[in-house]
Amino acid sequence: MKRLLFLLGIVIVLNSCERNAITGRSQLSLVSDGDLTSMALVQYKDFLTKNKVVPSGSKDADMVKRVGNKVAEAVKKYYSDKGFPNALDNYKWEFNLVDSKEINAWCMPGGKVVVYTGLLPVTQNETALAIVLGHEITHAVVGHGKERMSQELAAQGLGALGGAALGADTKAVDIFNTVYGVGANYGALLPNSRKQELEADHFGLIFAAAAGYNPQTAVDFWTRMAAQGNGQKPPAFLSDHPSDEQRIQKIREFMPEAVSYYHPK
Ligand SMILES: [Zn+2]
C-alpha cells in the first residue's frame, strides 16, 4: 500500500506542472488557485485580528495603501498587455500596515498584503516602498508561494489534499503561513529559491516602474537593506535572499528594461 501511494504520489507530481504565463518557467502545482485564495482569506483575517493594525487615516497606513494600490494597478495592466486580462481576477487587493519592529512585508495569493512598521525606517520613502511591494507582489502573482507550498505538500505526502480538507489540515495551514512569510510555526523557514528571488526582483522593478516609481532607487534601497544584516542576524525576510552583491549586480542588469516602463507624470 505504501508503495502504491508512493507511485501515486509520483504520478500526481508528474502531472502537476504548469508553465507560468509571465515567467515562462514550469512550476509544480498541487494546489488550485481557488484553494489557495480561500486559505489566504482565512489566514489574512486571522493575522489581522492577532496583530495591531495601524488604522486608516494615519499617514503611514495611508501611504502603504496608496503605494500598494498603484503597484497593483500596474501589475493588472502588465498582465492585460501581455494577453492575460483575467489572470488576476481572483485578486481583491488589500494593503495593511501592522505595528511590529520586524523588517518584513508579504503578499498572500488573492492580493492580501501586510507591511510591518519596522520596514519603513529602511524604505525611508514611497519609491523604495514600491520596490519592496513590487517584489513581494511578484512572489504571489507568479505563483512562487504556490510552487513552494506544492513542493512541501508533496514532501509531506499531503499532495492530494484539496478544498475544505486542505484548509482544515493544521499542517497544511502551518506550511501556508510559513511559505507566505507570516510566521515560522512549521519548523524552519521555507525560503524562496535564488531563481524565485531574482524573478521577484526582475518583475518587481518593472511593476514599480510602471506604477510611476523610479526603479533606480532599488540599488540604494537594497544597499540599505544589506546594511541591516551587519554584525547581527539579518532580517528574516532577507535571510533567504541571494547574496547582497549578487542581488545588486542583477538589479543593475534588469534596470534598462525596468526604466523603459518608467514614465513619470
Ligand atoms: Zn523575496
# chains A, B, ... in the order shown; residues from 1 in each chain; ligands from 1

call {"tool": "residues_near_ligand", "arguments": {"ligand": "ligand 1", "cutoff": "9 Å", "atoms": "only C-alpha atoms and all ligand atoms", "output": "list in words"}}
result
Trp106, Val132, His135, Glu136, Thr138, His139, Pro191, Asn192, Ser193, Arg194, Gln196, Glu197, Leu198, Glu199, Ala200, Asp201, Phe237, Leu238, Asp240 and His241 of chain A

call {"tool": "write_last_selection", "arguments": {"atoms": "N, CA, C and O atoms", "output": "mmCIF file, in the first residue's frame"}}
result
data_model
loop_
_atom_site.group_PDB
_atom_site.id
_atom_site.type_symbol
_atom_site.label_atom_id
_atom_site.label_comp_id
_atom_site.auth_asym_id
_atom_site.auth_seq_id
_atom_site.Cartn_x
_atom_site.Cartn_y
_atom_site.Cartn_z
ATOM 1 N N TRP A 106 4.786 41.038 3.206
ATOM 2 C CA TRP A 106 4.462 39.868 2.405
ATOM 3 C C TRP A 106 3.144 40.071 1.667
ATOM 4 O O TRP A 106 2.354 40.958 2.001
ATOM 5 N N VAL A 132 9.790 47.322 -2.718
ATOM 6 C CA VAL A 132 9.512 46.152 -1.871
ATOM 7 C C VAL A 132 8.164 45.530 -2.247
ATOM 8 O O VAL A 132 8.044 44.308 -2.390
ATOM 9 N N HIS A 135 8.281 43.599 -5.382
ATOM 10 C CA HIS A 135 8.968 42.330 -5.136
ATOM 11 C C HIS A 135 8.026 41.308 -4.475
ATOM 12 O O HIS A 135 7.880 40.177 -4.948
ATOM 13 N N GLU A 136 7.373 41.715 -3.401
ATOM 14 C CA GLU A 136 6.506 40.778 -2.665
ATOM 15 C C GLU A 136 5.282 40.384 -3.493
ATOM 16 O O GLU A 136 4.861 39.225 -3.477
ATOM 17 N N THR A 138 5.148 40.211 -6.709
ATOM 18 C CA THR A 138 5.599 39.276 -7.748
ATOM 19 C C THR A 138 5.631 37.849 -7.210
ATOM 20 O O THR A 138 5.153 36.918 -7.870
ATOM 21 N N HIS A 139 6.185 37.673 -5.996
ATOM 22 C CA HIS A 139 6.220 36.319 -5.416
ATOM 23 C C HIS A 139 4.829 35.683 -5.467
ATOM 24 O O HIS A 139 4.684 34.505 -5.770
ATOM 25 N N PRO A 191 12.529 28.839 2.465
ATOM 26 C CA PRO A 191 12.976 30.010 1.712
ATOM 27 C C PRO A 191 12.628 29.941 0.226
ATOM 28 O O PRO A 191 12.463 28.864 -0.333
ATOM 29 N N ASN A 192 12.521 31.112 -0.371
ATOM 30 C CA ASN A 192 12.427 31.173 -1.824
ATOM 31 C C ASN A 192 13.756 30.718 -2.395
ATOM 32 O O ASN A 192 14.808 30.953 -1.802
ATOM 33 N N SER A 193 13.707 30.107 -3.559
ATOM 34 C CA SER A 193 14.957 29.748 -4.213
ATOM 35 C C SER A 193 15.576 31.018 -4.799
ATOM 36 O O SER A 193 14.907 32.038 -4.940
ATOM 37 N N ARG A 194 16.819 30.927 -5.140
ATOM 38 C CA ARG A 194 17.508 32.054 -5.724
ATOM 39 C C ARG A 194 16.821 32.476 -7.033
ATOM 40 O O ARG A 194 16.675 33.649 -7.330
ATOM 41 N N GLN A 196 13.659 32.151 -7.732
ATOM 42 C CA GLN A 196 12.421 32.872 -7.398
ATOM 43 C C GLN A 196 12.737 34.301 -6.958
ATOM 44 O O GLN A 196 12.032 35.245 -7.319
ATOM 45 N N GLU A 197 13.811 34.455 -6.185
ATOM 46 C CA GLU A 197 14.187 35.793 -5.724
ATOM 47 C C GLU A 197 14.508 36.712 -6.891
ATOM 48 O O GLU A 197 14.095 37.867 -6.928
ATOM 49 N N LEU A 198 15.264 36.169 -7.856
ATOM 50 C CA LEU A 198 15.643 37.013 -8.980
ATOM 51 C C LEU A 198 14.431 37.351 -9.843
ATOM 52 O O LEU A 198 14.320 38.455 -10.368
ATOM 53 N N GLU A 199 13.509 36.401 -9.970
ATOM 54 C CA GLU A 199 12.266 36.705 -10.699
ATOM 55 C C GLU A 199 11.497 37.817 -9.990
ATOM 56 O O GLU A 199 10.949 38.721 -10.626
ATOM 57 N N ALA A 200 11.454 37.734 -8.652
ATOM 58 C CA ALA A 200 10.724 38.762 -7.885
ATOM 59 C C ALA A 200 11.395 40.130 -8.037
ATOM 60 O O ALA A 200 10.718 41.154 -8.158
ATOM 61 N N ASP A 201 12.736 40.145 -8.047
ATOM 62 C CA ASP A 201 13.439 41.415 -8.261
ATOM 63 C C ASP A 201 13.161 41.951 -9.662
ATOM 64 O O ASP A 201 12.876 43.129 -9.850
ATOM 65 N N PHE A 237 13.200 38.211 6.424
ATOM 66 C CA PHE A 237 12.797 38.124 5.033
ATOM 67 C C PHE A 237 13.969 38.348 4.084
ATOM 68 O O PHE A 237 13.848 38.230 2.893
ATOM 69 N N LEU A 238 15.139 38.599 4.673
ATOM 70 C CA LEU A 238 16.350 38.692 3.864
ATOM 71 C C LEU A 238 17.163 37.401 3.902
ATOM 72 O O LEU A 238 17.932 37.120 3.000
ATOM 73 N N ASP A 240 16.695 34.538 3.343
ATOM 74 C CA ASP A 240 16.517 33.590 2.261
ATOM 75 C C ASP A 240 16.915 34.194 0.921
ATOM 76 O O ASP A 240 16.739 33.607 -0.114
ATOM 77 N N HIS A 241 17.407 35.400 0.951
ATOM 78 C CA HIS A 241 17.651 36.088 -0.310
ATOM 79 C C HIS A 241 19.053 35.830 -0.835
ATOM 80 O O HIS A 241 19.928 35.410 -0.097
#

call {"tool": "select_by_dssp", "arguments": {"residues": "range 19-241 of chain A", "states": "helix (DSSP H, G or I)", "output": "ChimeraX atom specification"}}
result
/A:33-50,59-81,117-123,126-141,144-155,163-168,170-179,194-210,217-227,236-239

call {"tool": "closest_residue", "arguments": {"among": "A:Asn104, A:Ala74, A:Gln27, A:Thr217", "to": "Met255 in chain A", "atoms": "only C-alpha atoms"}}
result
A:Thr217

call {"tool": "atom_distance", "arguments": {"atom1": "CA of Val173 in chain A", "atom2": "CA of Ala105 in chain A"}}
result
19.1 Å

call {"tool": "closest_residue", "arguments": {"among": "A:Asp174, A:Glu245, A:Asp62, A:Asp220", "to": "Gln43 in chain A", "atoms": "only C-alpha atoms"}}
result
A:Asp174

call {"tool": "closest_residue", "arguments": {"among": "A:Leu161, A:Ala211, A:Met63, A:Val259", "to": "Leu30 in chain A", "atoms": "only C-alpha atoms"}}
result
A:Leu161

call {"tool": "atom_distance", "arguments": {"atom1": "CA of Val71 in chain A", "atom2": "CA of Leu129 in chain A"}}
result
10.2 Å

call {"tool": "atom_distance", "arguments": {"atom1": "CA of Val114 in chain A", "atom2": "CA of Thr127 in chain A"}}
result
17.1 Å

call {"tool": "closest_residue", "arguments": {"among": "A:Ala168, A:Glu147, A:Gln216, A:Leu153", "to": "Ser26 in chain A", "atoms": "only C-alpha atoms"}}
result
A:Glu147

call {"tool": "closest_residue", "arguments": {"among": "A:Asp81, A:Glu94, A:Asp33, A:Glu18", "to": "Gly145 in chain A", "atoms": "only C-alpha atoms"}}
result
A:Asp33

call {"tool": "closest_residue", "arguments": {"among": "A:Ala227, A:Ala218, A:Ala87, A:Val113", "to": "Phe47 in chain A", "atoms": "only C-alpha atoms"}}
result
A:Val113

call {"tool": "residues_around", "arguments": {"residues": "Gly162 in chain A", "least_positions_apart": "3", "cutoff": "8 Å", "atoms": "only C-alpha atoms", "output": "MDAnalysis selection string"}}
result
chainID A and resid 31:32 35 165:167

call {"tool": "write_last_selection", "arguments": {"atoms": "N, CA, C and O atoms", "output": "PDB file, in the first residue's frame"}}
result
ATOM      1  N   VAL A  31      -1.750  22.615  -5.741  1.00  0.00           N
ATOM      2  CA  VAL A  31      -2.880  23.308  -5.093  1.00  0.00           C
ATOM      3  C   VAL A  31      -3.538  24.190  -6.142  1.00  0.00           C
ATOM      4  O   VAL A  31      -2.853  24.796  -6.960  1.00  0.00           O
ATOM      5  N   SER A  32      -4.856  24.287  -6.091  1.00  0.00           N
ATOM      6  CA  SER A  32      -5.539  25.153  -7.057  1.00  0.00           C
ATOM      7  C   SER A  32      -5.478  26.591  -6.560  1.00  0.00           C
ATOM      8  O   SER A  32      -5.338  26.856  -5.360  1.00  0.00           O
ATOM      9  N   ASP A  35      -8.272  27.192  -4.058  1.00  0.00           N
ATOM     10  CA  ASP A  35      -7.993  26.705  -2.695  1.00  0.00           C
ATOM     11  C   ASP A  35      -7.020  27.640  -1.973  1.00  0.00           C
ATOM     12  O   ASP A  35      -7.184  27.933  -0.784  1.00  0.00           O
ATOM     13  N   ALA A 165     -10.637  20.192   2.883  1.00  0.00           N
ATOM     14  CA  ALA A 165      -9.687  19.327   3.594  1.00  0.00           C
ATOM     15  C   ALA A 165      -8.333  20.009   3.731  1.00  0.00           C
ATOM     16  O   ALA A 165      -7.654  19.877   4.751  1.00  0.00           O
ATOM     17  N   LEU A 166      -7.967  20.772   2.713  1.00  0.00           N
ATOM     18  CA  LEU A 166      -6.684  21.469   2.748  1.00  0.00           C
ATOM     19  C   LEU A 166      -6.708  22.559   3.824  1.00  0.00           C
ATOM     20  O   LEU A 166      -5.810  22.652   4.667  1.00  0.00           O
ATOM     21  N   GLY A 167      -7.768  23.359   3.808  1.00  0.00           N
ATOM     22  CA  GLY A 167      -7.893  24.458   4.768  1.00  0.00           C
ATOM     23  C   GLY A 167      -8.050  23.975   6.203  1.00  0.00           C
ATOM     24  O   GLY A 167      -7.769  24.719   7.146  1.00  0.00           O
TER      25      GLY A 167
END

call {"tool": "residues_around", "arguments": {"residues": "Leu88 in chain A", "least_positions_apart": "3", "cutoff": "10 Å", "atoms": "only C-alpha atoms", "output": "number ranges by chain"}}
result
A: 75-76, 79-80, 84-85, 91-92, 109-111, 141

call {"tool": "select_by_dssp", "arguments": {"residues": "range 100-194 of chain A", "states": "strand (DSSP E)", "output": "list in words"}}
result
Ala105, Trp106, Cys107, Met108, Lys112, Val113, Val114, Val115 and Tyr116 of chain A

call {"tool": "write_last_selection", "arguments": {"atoms": "C-alpha atoms", "output": "PDB file, in the first residue's frame"}}
result
ATOM      1  CA  ALA A 105       6.360  42.558   4.253  1.00  0.00           C
ATOM      2  CA  TRP A 106       4.462  39.868   2.405  1.00  0.00           C
ATOM      3  CA  CYS A 107       1.699  39.256  -0.113  1.00  0.00           C
ATOM      4  CA  MET A 108      -0.687  36.305   0.009  1.00  0.00           C
ATOM      5  CA  LYS A 112      -3.670  40.305   0.684  1.00  0.00           C
ATOM      6  CA  VAL A 113      -0.664  42.372   1.692  1.00  0.00           C
ATOM      7  CA  VAL A 114       0.917  43.316   5.020  1.00  0.00           C
ATOM      8  CA  VAL A 115       3.741  45.784   5.621  1.00  0.00           C
ATOM      9  CA  TYR A 116       5.364  45.882   9.090  1.00  0.00           C
TER      10      TYR A 116
END

call {"tool": "residues_around", "arguments": {"residues": "Lys70 in chain A", "least_positions_apart": "3", "cutoff": "10 Å", "atoms": "only C-alpha atoms", "output": "ChimeraX atom specification"}}
result
/A:65-67,73-75,130,207-208,210-213

call {"tool": "residues_around", "arguments": {"residues": "Val122 in chain A", "least_positions_apart": "3", "cutoff": "8 Å", "atoms": "only C-alpha atoms", "output": "PyMOL selection string"}}
result
chain A and resi 118-119+221+224-225

call {"tool": "residues_around", "arguments": {"residues": "Gln151 in chain A", "least_positions_apart": "3", "cutoff": "10 Å", "atoms": "only C-alpha atoms", "output": "JSON list (two decimals) with N, CA, C and O atoms, in the first residue's frame"}}
result
[["chain", "number", "residue", "atom", "x", "y", "z"],
["A", 13, "VAL", "N", 2.67, 14.18, -9.01],
["A", 13, "VAL", "CA", 3.68, 15.22, -9.18],
["A", 13, "VAL", "C", 4.00, 15.42, -10.67],
["A", 13, "VAL", "O", 4.08, 16.54, -11.15],
["A", 27, "GLN", "N", 6.32, 25.14, -13.30],
["A", 27, "GLN", "CA", 6.29, 25.08, -11.83],
["A", 27, "GLN", "C", 5.39, 23.95, -11.35],
["A", 27, "GLN", "O", 4.35, 23.69, -11.95],
["A", 28, "LEU", "N", 5.81, 23.33, -10.25],
["A", 28, "LEU", "CA", 4.98, 22.30, -9.63],
["A", 28, "LEU", "C", 3.72, 22.95, -9.07],
["A", 28, "LEU", "O", 3.78, 23.99, -8.43],
["A", 29, "SER", "N", 2.57, 22.33, -9.35],
["A", 29, "SER", "CA", 1.32, 22.93, -8.91],
["A", 29, "SER", "C", 0.37, 21.86, -8.39],
["A", 29, "SER", "O", -0.33, 21.21, -9.14],
["A", 30, "LEU", "N", 0.37, 21.67, -7.06],
["A", 30, "LEU", "CA", -0.51, 20.66, -6.46],
["A", 30, "LEU", "C", -1.72, 21.29, -5.77],
["A", 30, "LEU", "O", -2.58, 20.60, -5.26],
["A", 145, "GLY", "N", 4.74, 31.15, -4.09],
["A", 145, "GLY", "CA", 4.21, 30.54, -2.87],
["A", 145, "GLY", "C", 3.53, 29.22, -3.20],
["A", 145, "GLY", "O", 3.68, 28.22, -2.49],
["A", 146, "LYS", "N", 2.79, 29.25, -4.30],
["A", 146, "LYS", "CA", 2.09, 28.05, -4.74],
["A", 146, "LYS", "C", 3.09, 26.93, -5.05],
["A", 146, "LYS", "O", 2.89, 25.77, -4.69],
["A", 147, "GLU", "N", 4.17, 27.31, -5.68],
["A", 147, "GLU", "CA", 5.23, 26.36, -6.04],
["A", 147, "GLU", "C", 5.88, 25.77, -4.79],
["A", 147, "GLU", "O", 6.01, 24.55, -4.64],
["A", 148, "ARG", "N", 6.22, 26.62, -3.83],
["A", 148, "ARG", "CA", 6.88, 26.13, -2.62],
["A", 148, "ARG", "C", 5.92, 25.33, -1.76],
["A", 148, "ARG", "O", 6.29, 24.33, -1.17],
["A", 154, "ALA", "N", 3.96, 17.93, -1.22],
["A", 154, "ALA", "CA", 4.41, 16.67, -1.82],
["A", 154, "ALA", "C", 5.36, 15.95, -0.88],
["A", 154, "ALA", "O", 5.25, 14.75, -0.62],
["A", 155, "ALA", "N", 6.29, 16.72, -0.31],
["A", 155, "ALA", "CA", 7.29, 16.13, 0.59],
["A", 155, "ALA", "C", 6.62, 15.52, 1.82],
["A", 155, "ALA", "O", 7.12, 14.55, 2.39],
["A", 156, "GLN", "N", 5.51, 16.10, 2.24],
["A", 156, "GLN", "CA", 4.82, 15.62, 3.44],
["A", 156, "GLN", "C", 3.72, 14.61, 3.11],
["A", 156, "GLN", "O", 2.94, 14.24, 3.99],
["A", 157, "GLY", "N", 3.61, 14.24, 1.83],
["A", 157, "GLY", "CA", 2.58, 13.29, 1.43],
["A", 157, "GLY", "C", 1.18, 13.86, 1.51],
["A", 157, "GLY", "O", 0.19, 13.14, 1.62],
["A", 158, "LEU", "N", 1.07, 15.19, 1.43],
["A", 158, "LEU", "CA", -0.24, 15.84, 1.51],
["A", 158, "LEU", "C", -0.69, 16.38, 0.15],
["A", 158, "LEU", "O", -1.62, 17.18, 0.07],
["A", 159, "GLY", "N", 0.00, 15.93, -0.91],
["A", 159, "GLY", "CA", -0.22, 16.50, -2.24],
["A", 159, "GLY", "C", -1.63, 16.33, -2.78],
["A", 159, "GLY", "O", -2.04, 17.06, -3.67]]
